[in-house]
>>> print(open('my_file02.cif').read())   # mmCIF, C-alpha atoms
data_entry
loop_
_atom_site.label_atom_id
_atom_site.label_comp_id
_atom_site.auth_asym_id
_atom_site.auth_seq_id
_atom_site.Cartn_x
_atom_site.Cartn_y
_atom_site.Cartn_z
CA VAL A 1 95.66 -14.98 0.05
CA THR A 2 94.56 -15.90 -3.47
CA PRO A 3 91.60 -18.37 -3.44
CA THR A 4 92.05 -21.61 -5.39
CA GLN A 5 89.50 -22.85 -7.91
CA ASP A 6 87.80 -24.95 -5.21
CA GLN A 7 87.60 -21.96 -2.87
CA THR A 8 86.40 -19.53 -5.54
CA SER A 9 83.48 -21.69 -6.64
CA TYR A 10 82.53 -22.39 -3.04
CA ILE A 11 82.66 -18.70 -2.02
CA TYR A 12 80.49 -17.87 -5.05
CA TRP A 13 78.01 -20.56 -3.94
CA LEU A 14 77.83 -19.10 -0.44
CA GLN A 15 77.52 -15.48 -1.61
CA SER A 16 74.77 -16.35 -4.10
CA MET A 17 72.73 -17.76 -1.21
CA PHE A 18 73.27 -14.68 0.93
CA THR A 19 72.30 -12.30 -1.89
CA SER A 20 69.08 -14.19 -2.70
CA GLU A 21 66.00 -11.96 -2.73
CA ASN A 22 63.41 -14.60 -1.90
CA PHE A 23 63.39 -18.09 -0.39
CA PHE A 24 61.04 -19.95 -2.76
CA PRO A 25 61.37 -19.66 -6.56
CA ASP A 26 58.64 -17.67 -8.26
CA VAL A 27 58.49 -17.30 -12.04
CA PRO A 28 55.14 -16.29 -13.57
CA GLY A 29 53.66 -19.01 -15.74
CA LYS A 30 56.05 -21.71 -14.46
CA ASN A 31 55.44 -24.50 -11.97
CA LEU A 32 57.59 -25.01 -8.85
CA ILE A 33 60.15 -27.30 -10.50
CA GLN A 34 60.54 -25.08 -13.55
CA SER A 35 60.83 -22.00 -11.36
CA LEU A 36 63.42 -23.73 -9.19
CA GLN A 37 65.55 -24.35 -12.26
CA ILE A 38 65.62 -20.77 -13.56
CA ASP A 39 64.94 -18.33 -10.70
CA ASN A 40 68.48 -17.28 -9.74
CA LYS A 41 67.12 -14.84 -7.16
CA SER A 42 65.70 -17.71 -5.12
CA PHE A 43 67.55 -19.09 -2.10
CA LEU A 44 66.51 -22.67 -2.95
CA HIS A 45 67.77 -22.27 -6.51
CA ASN A 46 71.14 -20.94 -5.35
CA LEU A 47 71.42 -23.67 -2.70
CA LEU A 48 70.58 -26.61 -4.95
CA LYS A 49 72.00 -25.61 -8.35
CA PRO A 50 75.69 -26.22 -7.42
CA ILE A 51 74.74 -29.67 -6.11
CA TYR A 52 72.77 -30.50 -9.27
CA SER A 53 75.57 -29.18 -11.51
CA SER A 54 78.34 -30.80 -9.45
CA THR A 55 76.86 -33.69 -7.53
CA ILE A 56 79.92 -34.30 -5.33
CA ASN A 57 79.08 -30.98 -3.67
CA ILE A 58 76.53 -32.89 -1.60
CA PHE A 59 79.53 -34.15 0.36
CA THR A 60 80.42 -30.58 1.39
CA ILE A 61 77.00 -29.62 2.77
CA ILE A 62 78.20 -29.62 6.41
CA SER A 63 81.01 -27.26 5.42
CA LEU A 64 78.38 -25.06 3.79
CA VAL A 65 76.43 -25.00 7.05
CA TYR A 66 79.60 -24.10 8.99
CA PHE A 67 80.48 -21.21 6.67
CA SER A 68 76.86 -20.05 6.51
CA ILE A 69 76.64 -19.82 10.31
CA GLY A 70 80.01 -18.07 10.41
CA SER A 71 78.89 -15.65 7.70
CA LEU A 72 75.81 -14.74 9.73
CA ILE A 73 78.17 -13.68 12.52
CA LEU A 74 80.71 -12.00 10.20
CA ASP A 75 79.66 -11.66 6.55
CA ALA A 76 79.90 -13.64 3.32
CA SER A 77 83.03 -11.88 2.06
CA VAL A 78 86.17 -13.68 0.92
CA LYS A 79 88.01 -12.29 3.94
CA SER A 80 85.45 -13.80 6.33
CA GLN A 81 85.66 -17.19 4.63
CA ILE A 82 89.44 -17.18 5.08
CA ILE A 83 89.05 -16.25 8.76
CA LEU A 84 86.58 -19.10 9.25
CA SER A 85 88.94 -21.50 7.45
CA ILE A 86 91.84 -20.57 9.71
CA LEU A 87 89.55 -20.95 12.73
CA SER A 88 88.54 -24.50 11.77
CA ASN A 89 92.18 -25.37 11.13
CA ASN A 90 93.21 -24.19 14.59
CA ILE A 91 90.27 -25.95 16.23
CA SER A 92 91.55 -29.17 14.61
CA ILE A 93 94.93 -28.69 16.29
CA LEU A 94 93.26 -27.89 19.60
CA ILE A 95 91.02 -30.97 19.49
CA ILE A 96 93.95 -33.36 19.00
CA SER A 97 95.83 -31.71 21.85
CA LEU A 98 92.79 -31.81 24.15
CA TYR A 99 92.23 -35.46 23.29
CA PHE A 100 95.69 -36.36 24.55
CA ALA A 101 95.33 -33.97 27.51
CA LYS A 102 92.17 -35.82 28.57
CA LEU A 103 93.99 -39.15 28.37
CA GLY A 104 96.64 -37.55 30.60
CA LYS A 105 94.34 -38.10 33.59
CA LYS A 106 95.21 -41.78 33.42
CA ASN A 107 98.73 -41.56 32.02
CA LYS A 108 100.91 -38.47 32.44
CA ASP A 109 102.77 -39.28 29.23
CA PHE A 110 99.81 -37.97 27.27
CA ILE A 111 100.21 -34.50 28.76
CA ALA A 112 103.62 -34.26 27.09
CA LEU A 113 102.19 -35.66 23.83
CA SER A 114 99.41 -33.07 23.98
CA ILE A 115 101.92 -30.21 24.28
CA LEU A 116 104.25 -31.59 21.63
CA THR A 117 101.50 -32.23 19.08
CA PHE A 118 100.16 -28.72 19.55
CA ILE A 119 103.61 -27.15 19.08
CA ILE A 120 104.59 -29.26 16.05
CA LEU A 121 101.32 -28.60 14.21
CA GLN A 122 101.62 -24.89 14.92
CA LEU A 123 105.17 -24.95 13.53
CA ASN A 124 104.18 -27.00 10.47
CA SER A 125 104.51 -24.54 7.59
CA TYR A 126 102.49 -26.67 5.16
CA PHE A 127 99.58 -27.12 7.56
CA TYR A 128 99.77 -23.40 8.38
CA GLY A 129 99.71 -22.44 4.70
CA PHE A 130 96.85 -24.85 4.09
CA SER A 131 94.71 -23.19 6.78
CA THR A 132 92.87 -21.01 4.23
CA HIS A 133 91.52 -23.81 2.03
CA GLY A 134 87.89 -23.56 3.13
CA THR A 135 85.98 -26.82 2.88
CA HIS A 136 89.14 -28.89 3.23
CA ASN A 137 89.86 -27.29 6.61
CA VAL A 138 86.38 -28.14 7.81
CA GLY A 139 86.83 -31.63 6.37
CA ILE A 140 90.04 -32.13 8.37
CA LEU A 141 88.31 -30.84 11.51
CA PHE A 142 85.52 -33.40 11.21
CA LEU A 143 87.99 -36.11 10.20
CA ILE A 144 89.87 -35.62 13.48
CA ILE A 145 86.63 -35.59 15.48
CA ASN A 146 85.58 -38.78 13.71
CA LEU A 147 88.91 -40.48 14.42
CA ILE A 148 88.53 -39.85 18.14
CA PHE A 149 85.00 -41.25 18.16
CA LEU A 150 86.09 -44.19 15.98
CA GLU A 151 88.85 -45.08 18.45
CA ASN A 152 86.28 -45.18 21.24
CA TYR A 153 83.78 -47.07 19.04
CA LEU A 154 86.31 -49.80 18.21
CA LYS A 155 87.33 -50.17 21.85
CA LYS A 156 83.69 -50.59 22.91
CA ILE A 157 83.19 -53.22 20.22
CA SER A 158 86.35 -55.03 21.29
CA SER A 159 85.29 -55.06 24.96
CA ASP A 160 81.70 -56.12 24.13
CA LYS A 161 80.38 -52.93 25.74
CA ILE A 162 78.88 -51.41 22.63
CA SER A 163 75.28 -50.20 22.93
CA LEU A 164 72.75 -49.06 20.35
CA LYS A 165 73.22 -45.52 21.64
CA ASN A 166 77.00 -45.80 21.07
CA ARG A 167 76.41 -46.95 17.51
CA PHE A 168 73.94 -44.15 16.73
CA LEU A 169 76.32 -41.56 18.15
CA TYR A 170 79.28 -42.83 16.16
CA PHE A 171 77.42 -43.01 12.84
CA PHE A 172 75.97 -39.55 13.43
CA ILE A 173 79.54 -38.23 13.76
CA GLN A 174 80.63 -40.23 10.72
CA GLY A 175 77.76 -38.74 8.74
CA LEU A 176 78.93 -35.23 9.63
CA ALA A 177 82.47 -36.14 8.56
CA PHE A 178 81.28 -37.73 5.29
CA TYR A 179 79.26 -34.67 4.32
CA SER A 180 81.90 -32.14 5.37
CA MET A 181 84.33 -33.15 2.59
CA TYR A 182 84.29 -36.07 0.16
CA ALA A 183 87.90 -37.05 0.90
CA ASN A 184 86.65 -38.26 4.28
CA VAL A 185 84.35 -40.80 2.65
CA PHE A 186 87.34 -42.77 1.40
CA LEU A 187 89.66 -42.23 4.36
CA ILE A 188 87.14 -42.98 7.10
CA THR A 189 85.63 -46.00 5.35
CA CYS A 190 89.07 -47.55 4.82
CA CYS A 191 90.14 -46.62 8.36
CA SER A 192 87.04 -48.25 9.86
CA LEU A 193 87.52 -51.37 7.76
CA ILE A 194 91.11 -51.73 8.99
CA GLY A 195 90.04 -51.08 12.57
CA ILE A 196 87.40 -53.81 12.50
CA LEU A 197 89.69 -56.31 10.78
CA PHE A 198 92.40 -55.70 13.42
CA LEU A 199 90.07 -56.36 16.33
CA LYS A 200 91.24 -59.23 18.52
CA LYS A 201 88.09 -61.17 17.78
CA ASN A 202 87.16 -64.21 15.72
CA LEU A 203 86.23 -63.96 12.05
CA LYS A 204 82.51 -64.44 12.71
CA PHE A 205 82.48 -61.45 15.07
CA LYS A 206 84.41 -59.29 12.61
CA PHE A 207 82.10 -60.27 9.76
CA LYS A 208 79.07 -59.29 11.84
CA GLU A 209 80.61 -55.91 12.67
CA LEU A 210 81.50 -55.31 9.02
CA ILE A 211 77.89 -55.96 8.02
CA ILE A 212 76.68 -53.52 10.70
CA TYR A 213 79.23 -50.92 9.63
CA PHE A 214 78.56 -51.05 5.90
CA SER A 215 74.78 -51.28 6.36
CA SER A 216 74.83 -48.18 8.55
CA SER A 217 77.15 -46.36 6.15
CA ILE A 218 74.83 -47.13 3.22
CA ILE A 219 72.01 -45.46 5.16
CA LEU A 220 74.24 -42.39 5.49
CA PHE A 221 74.64 -42.38 1.70
CA ILE A 222 70.88 -42.11 1.06
CA PRO A 223 71.00 -38.30 0.47
CA ALA A 224 73.86 -38.75 -2.01
CA ILE A 225 72.03 -41.62 -3.74
CA LEU A 226 68.92 -39.45 -4.11
CA VAL A 227 71.03 -36.64 -5.59
CA LEU A 228 72.57 -39.12 -8.04
CA ILE A 229 69.13 -40.35 -9.14
CA ILE A 230 67.77 -36.82 -9.54
CA SER A 231 70.82 -35.71 -11.53
CA LEU A 232 70.86 -38.68 -13.94
CA GLY A 233 69.56 -36.37 -16.64
CA ASN A 234 72.66 -34.25 -16.11
CA ILE A 235 75.05 -37.21 -15.96
CA GLU A 236 77.67 -35.63 -18.25
CA ASN A 237 78.35 -32.64 -15.98
CA ASP A 238 81.96 -31.72 -15.13
CA GLN A 239 81.90 -32.87 -11.51
CA GLY A 240 79.24 -35.61 -11.52
CA PHE A 241 79.74 -38.80 -9.54
CA ILE A 242 80.31 -40.88 -12.68
CA LEU A 243 82.73 -38.59 -14.49
CA TRP A 244 84.57 -37.71 -11.28
CA GLY A 245 84.96 -41.41 -10.54
CA LYS A 246 86.38 -42.09 -14.01
CA TRP A 247 88.87 -39.26 -13.59
CA ALA A 248 89.85 -40.36 -10.08
CA PHE A 249 90.82 -43.82 -11.32
CA SER A 250 92.37 -42.74 -14.63
CA TYR A 251 96.04 -43.08 -15.56
CA ALA A 252 97.80 -39.75 -16.15
CA GLU A 253 94.41 -38.04 -15.75
CA GLY A 254 93.16 -39.83 -18.86
CA ALA A 255 96.01 -38.60 -21.06
CA SER A 256 97.49 -42.10 -21.46
CA PRO A 257 96.04 -45.59 -22.02
CA PHE A 258 95.40 -47.37 -18.72
CA ASP A 259 98.14 -49.72 -17.57
CA LEU A 260 97.61 -51.26 -14.13
CA ALA A 261 101.27 -51.77 -13.22
CA SER A 262 102.26 -48.25 -14.28
CA TYR A 263 99.15 -46.82 -12.65
CA LEU A 264 99.94 -48.31 -9.22
CA LYS A 265 103.67 -47.56 -9.49
CA VAL A 266 103.11 -43.89 -10.33
CA ASN A 267 100.54 -43.53 -7.56
CA ILE A 268 102.83 -44.82 -4.82
CA ILE A 269 105.88 -42.87 -6.03
CA LYS A 270 103.90 -39.62 -6.19
CA TRP A 271 102.45 -40.25 -2.74
CA TYR A 272 105.83 -40.87 -1.14
CA VAL A 273 107.72 -38.11 -2.96
CA PHE A 274 105.13 -35.41 -2.30
CA ASN A 275 104.78 -36.32 1.38
CA THR A 276 108.52 -36.42 2.00
CA GLU A 277 109.07 -33.14 0.17
CA ASN A 278 106.50 -31.36 2.31
CA PHE A 279 106.79 -33.08 5.69
CA GLY A 280 110.47 -33.95 5.50
CA PHE A 281 112.59 -36.64 3.86
CA PHE A 282 113.55 -37.86 7.31
CA LEU A 283 110.49 -36.88 9.34
CA PHE A 284 107.81 -38.43 7.14
CA PRO A 285 109.01 -42.07 7.25
CA ILE A 286 109.94 -41.97 10.94
CA SER A 287 106.54 -40.49 11.83
CA LEU A 288 105.16 -43.93 10.95
CA LEU A 289 107.46 -45.43 13.56
CA GLY A 290 106.01 -43.04 16.15
CA LEU A 291 102.46 -44.13 15.26
CA ILE A 292 103.46 -47.78 15.68
CA VAL A 293 104.90 -46.95 19.12
CA LEU A 294 101.64 -45.14 20.00
CA LYS A 295 99.70 -48.28 19.11
CA LYS A 296 102.00 -50.75 20.86
CA LYS A 297 102.75 -48.72 23.98
CA TYR A 298 99.46 -46.89 24.59
CA ASN A 299 96.91 -48.86 22.56
CA ILE A 300 95.91 -45.78 20.53
CA ASN A 301 95.36 -47.33 17.13
CA ILE A 302 93.36 -45.01 14.96
CA PHE A 303 96.13 -42.58 13.96
CA LEU A 304 98.19 -45.46 12.57
CA TYR A 305 95.11 -46.79 10.78
CA LEU A 306 94.58 -43.40 9.12
CA PHE A 307 98.20 -43.33 7.94
CA ILE A 308 97.71 -46.79 6.39
CA SER A 309 94.36 -45.73 4.91
CA HIS A 310 95.86 -42.65 3.29
CA PHE A 311 98.51 -44.88 1.73
CA ILE A 312 95.98 -47.45 0.48
CA ILE A 313 93.60 -44.86 -0.99
CA SER A 314 96.46 -43.01 -2.67
CA PHE A 315 97.83 -46.31 -4.00
CA LEU A 316 94.49 -47.41 -5.46
CA MET A 317 92.94 -44.07 -6.42
CA ALA A 318 94.98 -41.75 -8.65
CA GLY A 319 92.60 -38.90 -7.87
CA PHE A 320 94.15 -38.69 -4.44
CA THR A 321 97.60 -38.19 -5.96
CA TYR A 322 96.32 -35.74 -8.58
CA ALA A 323 94.99 -33.64 -5.69
CA GLN A 324 97.90 -34.36 -3.36
CA SER A 325 98.46 -30.65 -2.63
CA ARG A 326 95.14 -30.90 -0.78
CA THR A 327 94.92 -34.53 0.33
CA LEU A 328 98.34 -34.37 2.00
CA ALA A 329 96.87 -32.03 4.62
CA TYR A 330 94.58 -34.82 5.85
CA LEU A 331 97.69 -36.80 6.80
CA MET A 332 99.67 -33.94 8.38
CA PRO A 333 98.07 -34.06 11.86
CA VAL A 334 98.69 -37.81 12.06
CA CYS A 335 102.35 -37.48 11.05
CA SER A 336 102.76 -34.74 13.65
CA VAL A 337 101.37 -37.08 16.31
CA GLY A 338 103.92 -39.70 15.26
CA ILE A 339 106.80 -37.24 15.54
CA SER A 340 105.51 -36.10 18.95
CA VAL A 341 105.62 -39.68 20.21
CA LEU A 342 109.21 -40.13 19.01
CA ILE A 343 110.33 -36.86 20.57
CA TYR A 344 108.82 -37.81 23.92
CA PHE A 345 110.33 -41.29 23.89
CA SER A 346 113.70 -39.79 22.96
CA TYR A 347 113.37 -37.54 25.99
CA LYS A 348 112.50 -40.47 28.25
CA TYR A 349 115.48 -42.39 26.91
CA PHE A 350 117.88 -39.50 27.53
CA ILE A 351 116.77 -38.95 31.12
CA SER A 352 117.05 -42.66 31.76
CA ILE A 353 120.75 -42.65 30.86
CA LYS A 354 121.65 -39.31 32.42
CA LYS A 355 122.17 -38.94 36.13
CA ASN A 356 121.03 -35.33 36.27
CA TYR A 357 117.44 -34.57 35.34
CA PHE A 358 117.17 -31.74 32.82
CA ASN A 359 114.24 -29.59 31.86
CA PHE A 360 111.70 -31.19 29.50
CA PHE A 361 110.93 -27.93 27.72
CA GLN A 362 114.63 -27.29 27.17
CA PHE A 363 114.89 -30.74 25.61
CA ILE A 364 111.95 -30.31 23.20
CA SER A 365 113.20 -26.85 22.24
CA TYR A 366 116.49 -28.35 21.09
CA LEU A 367 114.72 -31.15 19.25
CA ILE A 368 112.26 -28.86 17.50
CA ILE A 369 115.09 -26.64 16.29
CA PHE A 370 116.88 -29.76 15.08
CA PHE A 371 113.84 -31.02 13.16
CA ILE A 372 113.22 -27.62 11.62
CA ILE A 373 116.81 -27.52 10.37
CA ILE A 374 116.68 -31.01 8.85
#
>>> encode(input="my_file02.cif", output="structure tokens")
Amino acid sequence: VTPTQDQTSYIYWLQSMFTSENFFPDVPGKNLIQSLQIDNKSFLHNLLKPIYSSTINIFTIISLVYFSIGSLILDASVKSQIILSILSNNISILIISLYFAKLGKKNKDFIALSILTFIILQLNSYFYGFSTHGTHNVGILFLIINLIFLENYLKKISSDKISLKNRFLYFFIQGLAFYSMYANVFLITCCSLIGILFLKKNLKFKFKELIIYFSSSIILFIPAILVLIISLGNIENDQGFILWGKWAFSYAEGASPFDLASYLKVNIIKWYVFNTENFGFFLFPISLLGLIVLKKKYNINIFLYLFISHFIISFLMAGFTYAQSRTLAYLMPVCSVGISVLIYFSYKYFISIKKNYFNFFQFISYLIIFFIII
């Protein structure tokens, strides 16, 4: 496996921390701040310099913790980072499957969905190939965890059973997801906004919940805000919040004058074309149908909301389409859930019109082979 630019810089960051000779900076004749800036043998210097130089790295700090813990067990080599990436990717698949398996206690349909989702994600060549992308894999893991907690959070709000403890727990999980990978900041915020707006409550109630949500989220952004303030003297760095934001909303990555109509048109075309090419010209659009069925039939909303959020963010923010080889992976698990729902409902339809019951696993084997071929 050849590391990408994102992986290479991140592995270097991790290895520089592990090869540090001392924790605190110590340069004769210099104060603490000056020493921190120049002592490259200090753990604090090696930890903070990538964040100061590239402020969006603050939104990968949870991934850094994950890989640091894993490296203590293994080592800080490239090989170990790839192993840990694959591990987080497979845990993501397992968590989705276990989520549906747990729901199977109340409705046996979810047992089948659990099995199908697990199989389809394991057979997904793109998601499999993406499993070595480091921080993105950890980001997807925490995105999925957050989605499950968000589904529960929205249901508690809707049933007026939300407690302060429930709110603290959810925003703690959201904080972990935000600071595992910056893509989650956009996806989860949009997803939560849609979820609150779609609550079967009056506008006053929704407005109150939006205020609570955004106020709590702003609190979560305090570390990032502090980093931004501290790094204002380095505002022209390559990956600073300001410059990254300009690039993310630029037309043709800044190579052409901005034109709103062309900007939005190109964004949506790129989003659709890239997703269909990698998930399937037939499978990608019908996966949305499966997510709609999941919402209508089983009242599981959040996977559909993430699909819509991914579309909205990609439509509005060109940076998501520029990085679509990475951002597509955040949508893959959701599309796989949608396909699983359609496969299961196709099975139920077939057994309802056939007099002789046939084996479920035989049925999904035929369907999986069919989908792989198409």
>>> resolve_selection(input="my_file02.cif", expression="the PyMOL selection byres ((chain A and resi 177-187) around 8)", output="list in words")
Ile56, Ile58, Phe59, Thr60, Ile61, Ile62, Ser63, Thr135, His136, Val138, Gly139, Phe142, Leu143, Asn146, Ile173, Gln174, Gly175, Leu176, Ile188, Thr189, Cys190, Cys191, Leu306, Ser309, His310, Ile313 and Thr327 of chain A
>>> resolve_selection(input="my_file02.cif", expression="the PyMOL selection byres ((chain A and resi 329) around 12)", output="VMD selection string")
chain A and resid 89 92 121 124 to 133 136 to 141 143 to 144 183 to 184 274 to 275 278 to 279 307 310 320 323 to 328 330 to 336
>>> closest_residue(input="my_file02.cif", among="A:Phe311, A:Gly134, A:Leu36, A:Tyr349", to="Ile83 in chain A", atoms="all atoms listed in the file")
A:Gly134
>>> resolve_selection(input="my_file02.cif", expression="the PyMOL selection byres ((chain A and resi 193-200) around 8)", output="number ranges by chain")
A: 154, 158, 189-192, 201-202, 206, 209-210, 301-302, 305, 309
>>> residues_around(input="my_file02.cif", residues="Ile162 in chain A", least_positions_apart="6", cutoff="12 Å", atoms="only C-alpha atoms", output="list in words")
Asn152, Tyr153, Leu154, Lys155, Lys156, Phe168, Leu169, Tyr170 and Glu209 of chain A
>>> residues_around(input="my_file02.cif", residues="Asp26 in chain A", least_positions_apart="4", cutoff="8 Å", atoms="only C-alpha atoms", output="short mmCIF file (atom, residue, chain, number, x, y, z; two decimals) with C-alpha atoms, in the coordinates of the input")
data_model
loop_
_atom_site.label_atom_id
_atom_site.label_comp_id
_atom_site.auth_asym_id
_atom_site.auth_seq_id
_atom_site.Cartn_x
_atom_site.Cartn_y
_atom_site.Cartn_z
CA LYS A 30 56.05 -21.71 -14.46
CA LEU A 32 57.59 -25.01 -8.85
CA SER A 35 60.83 -22.00 -11.36
CA LEU A 36 63.42 -23.73 -9.19
CA ASP A 39 64.94 -18.33 -10.70
CA SER A 42 65.70 -17.71 -5.12
#
>>> atom_distance(input="my_file02.cif", atom1="CA of His45 in chain A", atom2="CA of Met17 in chain A")
8.5 Å
>>> residues_around(input="my_file02.cif", residues="range 257-263 of chain A", least_positions_apart="6", cutoff="9 Å", atoms="only C-alpha atoms", output="VMD selection string")
chain A and resid 249 to 251 315 to 316 318
>>> write_last_selection(input="my_file02.cif", atoms="C-alpha atoms", output="PDB file, keeping the file's coordinate frame")
ATOM      1  CA  PHE A 249      90.820 -43.820 -11.320  1.00  0.00           C
ATOM      2  CA  SER A 250      92.370 -42.740 -14.630  1.00  0.00           C
ATOM      3  CA  TYR A 251      96.040 -43.080 -15.560  1.00  0.00           C
ATOM      4  CA  PHE A 315      97.830 -46.310  -4.000  1.00  0.00           C
ATOM      5  CA  LEU A 316      94.490 -47.410  -5.460  1.00  0.00           C
ATOM      6  CA  ALA A 318      94.980 -41.750  -8.650  1.00  0.00           C
TER       7      ALA A 318
END
>>> atom_distance(input="my_file02.cif", atom1="CA of Tyr298 in chain A", atom2="CA of Ser314 in chain A")
27.7 Å
>>> atom_distance(input="my_file02.cif", atom1="CA of Lys49 in chain A", atom2="CA of Gln37 in chain A")
7.6 Å
>>> closest_residue(input="my_file02.cif", among="A:Thr55, A:Asn267, A:Thr276, A:Ser159", to="Trp244 in chain A", atoms="only C-alpha atoms")
A:Thr55
>>> residues_around(input="my_file02.cif", residues="Leu103 in chain A", least_positions_apart="4", cutoff="12 Å", atoms="only C-alpha atoms", output="list in words")
Ile96, Ser97, Leu98, Tyr99, Asn107, Lys108, Asp109, Phe110, Ile111, Ala112, Leu113, Ser114, Ile148, Tyr298, Asn299 and Ile300 of chain A
>>> residues_near_point(input="my_file02.cif", point="(87.0, -18.3, 5.5)", cutoff="12 Å", atoms="all atoms listed in the file", output="PyMOL selection string")
chain A and resi 1-3+7-8+10-11+14+63-64+66-71+74-89+130-138
>>> write_last_selection(input="my_file02.cif", atoms="C-alpha atoms", output="compact mmCIF listing (two decimals), keeping the file's coordinate frame")
# COMPACT_ATOMS: atom_id res chain seq x y z
CA VAL A 1 95.66 -14.98 0.05
CA THR A 2 94.56 -15.90 -3.47
CA PRO A 3 91.60 -18.37 -3.44
CA GLN A 7 87.60 -21.96 -2.87
CA THR A 8 86.40 -19.53 -5.54
CA TYR A 10 82.53 -22.39 -3.04
CA ILE A 11 82.66 -18.70 -2.02
CA LEU A 14 77.83 -19.10 -0.44
CA SER A 63 81.01 -27.26 5.42
CA LEU A 64 78.38 -25.06 3.79
CA TYR A 66 79.60 -24.10 8.99
CA PHE A 67 80.48 -21.21 6.67
CA SER A 68 76.86 -20.05 6.51
CA ILE A 69 76.64 -19.82 10.31
CA GLY A 70 80.01 -18.07 10.41
CA SER A 71 78.89 -15.65 7.70
CA LEU A 74 80.71 -12.00 10.20
CA ASP A 75 79.66 -11.66 6.55
CA ALA A 76 79.90 -13.64 3.32
CA SER A 77 83.03 -11.88 2.06
CA VAL A 78 86.17 -13.68 0.92
CA LYS A 79 88.01 -12.29 3.94
CA SER A 80 85.45 -13.80 6.33
CA GLN A 81 85.66 -17.19 4.63
CA ILE A 82 89.44 -17.18 5.08
CA ILE A 83 89.05 -16.25 8.76
CA LEU A 84 86.58 -19.10 9.25
CA SER A 85 88.94 -21.50 7.45
CA ILE A 86 91.84 -20.57 9.71
CA LEU A 87 89.55 -20.95 12.73
CA SER A 88 88.54 -24.50 11.77
CA ASN A 89 92.18 -25.37 11.13
CA PHE A 130 96.85 -24.85 4.09
CA SER A 131 94.71 -23.19 6.78
CA THR A 132 92.87 -21.01 4.23
CA HIS A 133 91.52 -23.81 2.03
CA GLY A 134 87.89 -23.56 3.13
CA THR A 135 85.98 -26.82 2.88
CA HIS A 136 89.14 -28.89 3.23
CA ASN A 137 89.86 -27.29 6.61
CA VAL A 138 86.38 -28.14 7.81
